[in-house]
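Asks: Let me begin by handing over the structure; questions about it come next.
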Amino acid sequence: MLFRVVVLNDDVMKKWIFVLIFMVFLSACHEEKQTLSVGSWLMELQVMDHQKLPFNFKLDQNKDGKYSIEIYNADETIVVDEITIKNDSIEIKMPVFEGYFKGIFTATEIKGDFVKESLDRIVPFVATYGETSRFSTTEKPDKLVSGVWETYFSSDTDEEYAGKGLFVQNGSRVTGTFRTATGDYRFLEGSLTGDSLKLSAFDGSHAFLFVAKVTDSSLNGMFYSGNHFKEPFTAKRNEVFELPDEDSLTYLNEGFDKLNFSFPDLTGQMISLTDDRFKNKPVVIQIMGSWCPNCLDETKFLVDFNKNNKDLNIEMVALAFEYAKTKDKAFKSIERLKDRIGVPYSILLAQYGSADKQKAQEKLPMLNHVLSYPTTIFIDKKGMVRKIKTGFNGPATGDKFVQFKKEFKAFVTELANE
């Protein structure tokens with residue numbers, strides 16, 4: 001058998017290469033661009049014990065082709081407008097917080113991970129188009145959970161703490177929250193099917209799931225935070241149950257009557273309470289973190305209060321305790337918060353690399369402890385600490401939030417008029 005070997009000269013070879021490149025380019029140009037279906041989606045995060053933590057969102061696309069998302073938790077809507085798409089890859093960055101979703105998509109499905117780099121946390125997820133139910137309801141509810149529940153997490157351990165469950169049930173749908181001495185567990189939404197209660201919330205930073213068996217007078221269940229933490233909880237009906245007074249949990253250690261600190265702002269300038277800007281004025285000091293949803297709730301409140309009460313002539317300043325691994329990343333997180341929310345007051349970097357409350361207390365040794373983010377300190381015109389409020393009862397707590405806003409304005413007005 002004879003074989004013929006054809007040798008192409010350089011000119012012919014160049015022509016063939018050009019033709020091949022052109023054909024590949026032409027094929028790429030005619031390749032259909034991958035798109036996402038606009039409308040209702042269900043996201044399910046894979047947490048511990050093979051449980052799925054769901055939340056609903058709506059995907060929209062404007063006339064320029066830019067995607068946006070609205071995440072729904074009961075009465076809360078979170079708008080997400082930082083979405084990057086390349087071929088079949090997608091990245092969805094949360095507003096304010098550093099967490100993001102990263103995955104591969106088709107028109108009706110997204111698969112990937114929710115990532116929080118500074119904490120080295122990765123949570124797998126699947127999002128499905130067209131799903132509108134948060135939890136499947138295979139049975140009608142045979143119990144009623146509306147009302148107030150006296151709750152204990154991690155009972156009979158050194159980590160035990162109390163909570164106050166506040167729920168409203170409408171058919172199978174249940175909404176509400178758990179209040180604790182250090183803040184609330186966000187806008188929870190879920191369902192009661194038979195005697196099984198499931199509630200979830202995703203706020204851009206925290207992913208919370210509560211599952212419980214229900215009797216007429218008790219709840220027995222498990223609380224999951226992402227895929228890194230879980231703890232049991234029990235609850236009983238108690239319409240008159242109250243948590244400890246949040247104004248009495250944090251206080252000045254003996255021998256101190258003033259707060260002192262010196263931390264840098266975004267420009268690197270060191271700021272302290274001895275600066276002229278704070279003299280002869282009431283000061284509201286917010287101990288917080290840019291990663292903290294309850295702090296974000298309080299920040300939004302403070303921004304609104306500052307805007308609508310200029311006549312009180314008060315000063316505000318925030319002390320940020322960041323878990324970002326570097327100072328540069330910590331400042332970028334603070335700057336992102338200020339820009340997205342429009343914070344007019346200074347946010348100082350008190351600590352980075354860890355948001356550990358014990359280390360935070362070391363930065364402020366005049367306090368008995370830093371029990372919660374946020375913690376709010378009220379200082380009068382003479383520089384004396386007049387009140388320290390632990391935690392924040394945000395909009396998910398309903399009447400408690402309304403009460404807080406009235407009490408805050410009354411107390412700050414009192415300080416301003418002294």
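So you can find residues: chains in the structure tokens are A, B, ... in the order shown, residues in each start at 1, and ligands are numbered from 1 in order.
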Show me, as a VMD selection string, the residues that have an atom within 7 Å of segment 386-392 of chain A when counting only C-alpha atoms, minus same-chain residues fewer than 6 positions from it.

Replies: chain A and resid 181 to 183 246 to 247 249 to 251 294 298 372 to 380

Asks: Would you please give, as a PyMOL selection string, all residues of segment 23-155 of chain A that DSSP assigns to strand (DSSP E) based on the backbone?

Replies: chain A and resi 39-46+52-61+67-73+76-80+82-86+89-93+100-105+109-116+121-129+147-153

Asks: Using only C-alpha atoms, I'd like a table of the residues in segment 85-162 of chain A that come within 7 Å of segment 34-54 of chain A; for each, show the closest atom pair and its distance in Å rounded to one decimal, ordered by chain and ascending number, as JSON lines.

Replies:
{"residue": "A:Asn87", "atom": "CA", "partner": "A:Gln34", "partner_atom": "CA", "distance": 6.5}
{"residue": "A:Asp88", "atom": "CA", "partner": "A:Gln34", "partner_atom": "CA", "distance": 6.2}
{"residue": "A:Thr106", "atom": "CA", "partner": "A:Leu36", "partner_atom": "CA", "distance": 6.6}
{"residue": "A:Ala107", "atom": "CA", "partner": "A:Leu36", "partner_atom": "CA", "distance": 4.3}
{"residue": "A:Thr108", "atom": "CA", "partner": "A:Ser37", "partner_atom": "CA", "distance": 6.1}
{"residue": "A:Val123", "atom": "CA", "partner": "A:Gln46", "partner_atom": "CA", "distance": 6.4}
{"residue": "A:Pro124", "atom": "CA", "partner": "A:Gln46", "partner_atom": "CA", "distance": 5.5}
{"residue": "A:Phe125", "atom": "CA", "partner": "A:Leu45", "partner_atom": "CA", "distance": 4.4}
{"residue": "A:Val126", "atom": "CA", "partner": "A:Glu44", "partner_atom": "CA", "distance": 5.4}
{"residue": "A:Ala127", "atom": "CA", "partner": "A:Met43", "partner_atom": "CA", "distance": 4.2}
{"residue": "A:Thr128", "atom": "CA", "partner": "A:Leu42", "partner_atom": "CA", "distance": 5.3}
{"residue": "A:Tyr129", "atom": "CA", "partner": "A:Trp41", "partner_atom": "CA", "distance": 4.4}
{"residue": "A:Gly130", "atom": "CA", "partner": "A:Ser40", "partner_atom": "CA", "distance": 5.3}
{"residue": "A:Glu131", "atom": "CA", "partner": "A:Leu42", "partner_atom": "CA", "distance": 5.4}
{"residue": "A:Thr132", "atom": "CA", "partner": "A:Ser40", "partner_atom": "CA", "distance": 6.3}
{"residue": "A:Arg134", "atom": "CA", "partner": "A:Pro54", "partner_atom": "CA", "distance": 6.0}

Asks: Report, in Å with one decimal, the straight-line distance from atom CA of Cys295 of chain A to atom CA of Lys230 of chain A.

Replies: 22.3 Å

Asks: Find, counting only C-alpha atoms, the residue in A:Asp113, A:Glu242, A:Asp257, A:Asp184 that gets nearest to Pro293 of chain A.

Replies: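 The closest residue to Pro293 of chain A is A:Asp184.
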
Asks: So how many Å separate atom CA of Ser248 of chain A and atom CA of Ile285 of chain A, to one decimal?

Replies: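 Straight-line distance from atom CA of Ser248 of chain A to atom CA of Ile285 of chain A works out to 16.7 Å.
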
Asks: For Gly163 of chain A, work out the shell of residues within 9 Å, counting only C-alpha atoms and skipping chain neighbours fewer than 5 positions away, then give it as a list of chain:residue names.

Replies: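 Counting only C-alpha atoms, the residues come to A:Trp149, A:Glu150, A:Thr151, A:Tyr152, A:Phe153, A:Phe178, A:Arg179, A:Thr180, A:Ala181, A:Asp184, A:Ala235, A:Glu242, A:Leu243.
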
Asks: Given only C-alpha atoms as the basis, pick out the residue of A:Glu98, A:Asp195, A:Asp311, A:Glu407 nearest to Lys213 of chain A.

Replies: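 With only C-alpha atoms as the atom set, the closest residue is A:Asp195.
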
Asks: To one decimal in Å, tell me the separation between atom CA of Lys102 of chain A and atom CA of Leu59 of chain A.

Replies: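 Distance reported for this atom pair: 15.8 Å.
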
Asks: Using DSSP on the backbone coordinates, identify all residues within segment 265-410 of chain A classified as helix (DSSP H, G or I); present the result as a ChimeraX atom specification.

Replies: /A:276-278,293-308,310-312,327-341,357-363,395-397,399-410

Asks: Choose the residue, out of A:Phe101, A:Phe241, A:Phe114, A:Tyr323, that has the smallest atom-to-atom separation from Gly226 of chain A; count only C-alpha atoms.

Replies: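 For Gly226 of chain A, the nearest of the candidates is A:Phe114.
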
Asks: Considering only C-alpha atoms, state which residue in the set A:Ala320, A:Ile78, A:Ala201, A:Leu367 is at the smallest distance from Ala350 of chain A.

Replies: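 Closest candidate: A:Ala320.
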
Asks: Write out as an MDAnalysis selection string each polymer residue whose atoms come within 12 Å of Thr234 of chain A, counting only C-alpha atoms; drop sequence neighbours fewer than 4 positions from it.

Replies: chainID A and resid 149:156 160:165 210:215 217:223

Asks: Excluding Thr84 of chain A and its own-chain neighbours fewer than 5 positions away, which residues fall within 12 Å of it when counting only C-alpha atoms? Please give them as a ChimeraX atom specification.

Replies: /A:65-68,89-94,100-104

Asks: Pick from A:Phe55, A:Asn227, A:Gln351, A:Asn253: nearest to Leu199 of chain A, with only C-alpha atoms counted?

Replies: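 Nearest candidate to Leu199 of chain A out of A:Phe55, A:Asn227, A:Gln351, A:Asn253: A:Phe55.
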
Asks: Using only C-alpha atoms, which of the listed residues (A:Phe411, A:Lys381, A:Lys329, A:Pro95) sits closest to Ile341 of chain A?

Replies: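 Answer, going by the shortest atom-to-atom distance: A:Pro95.
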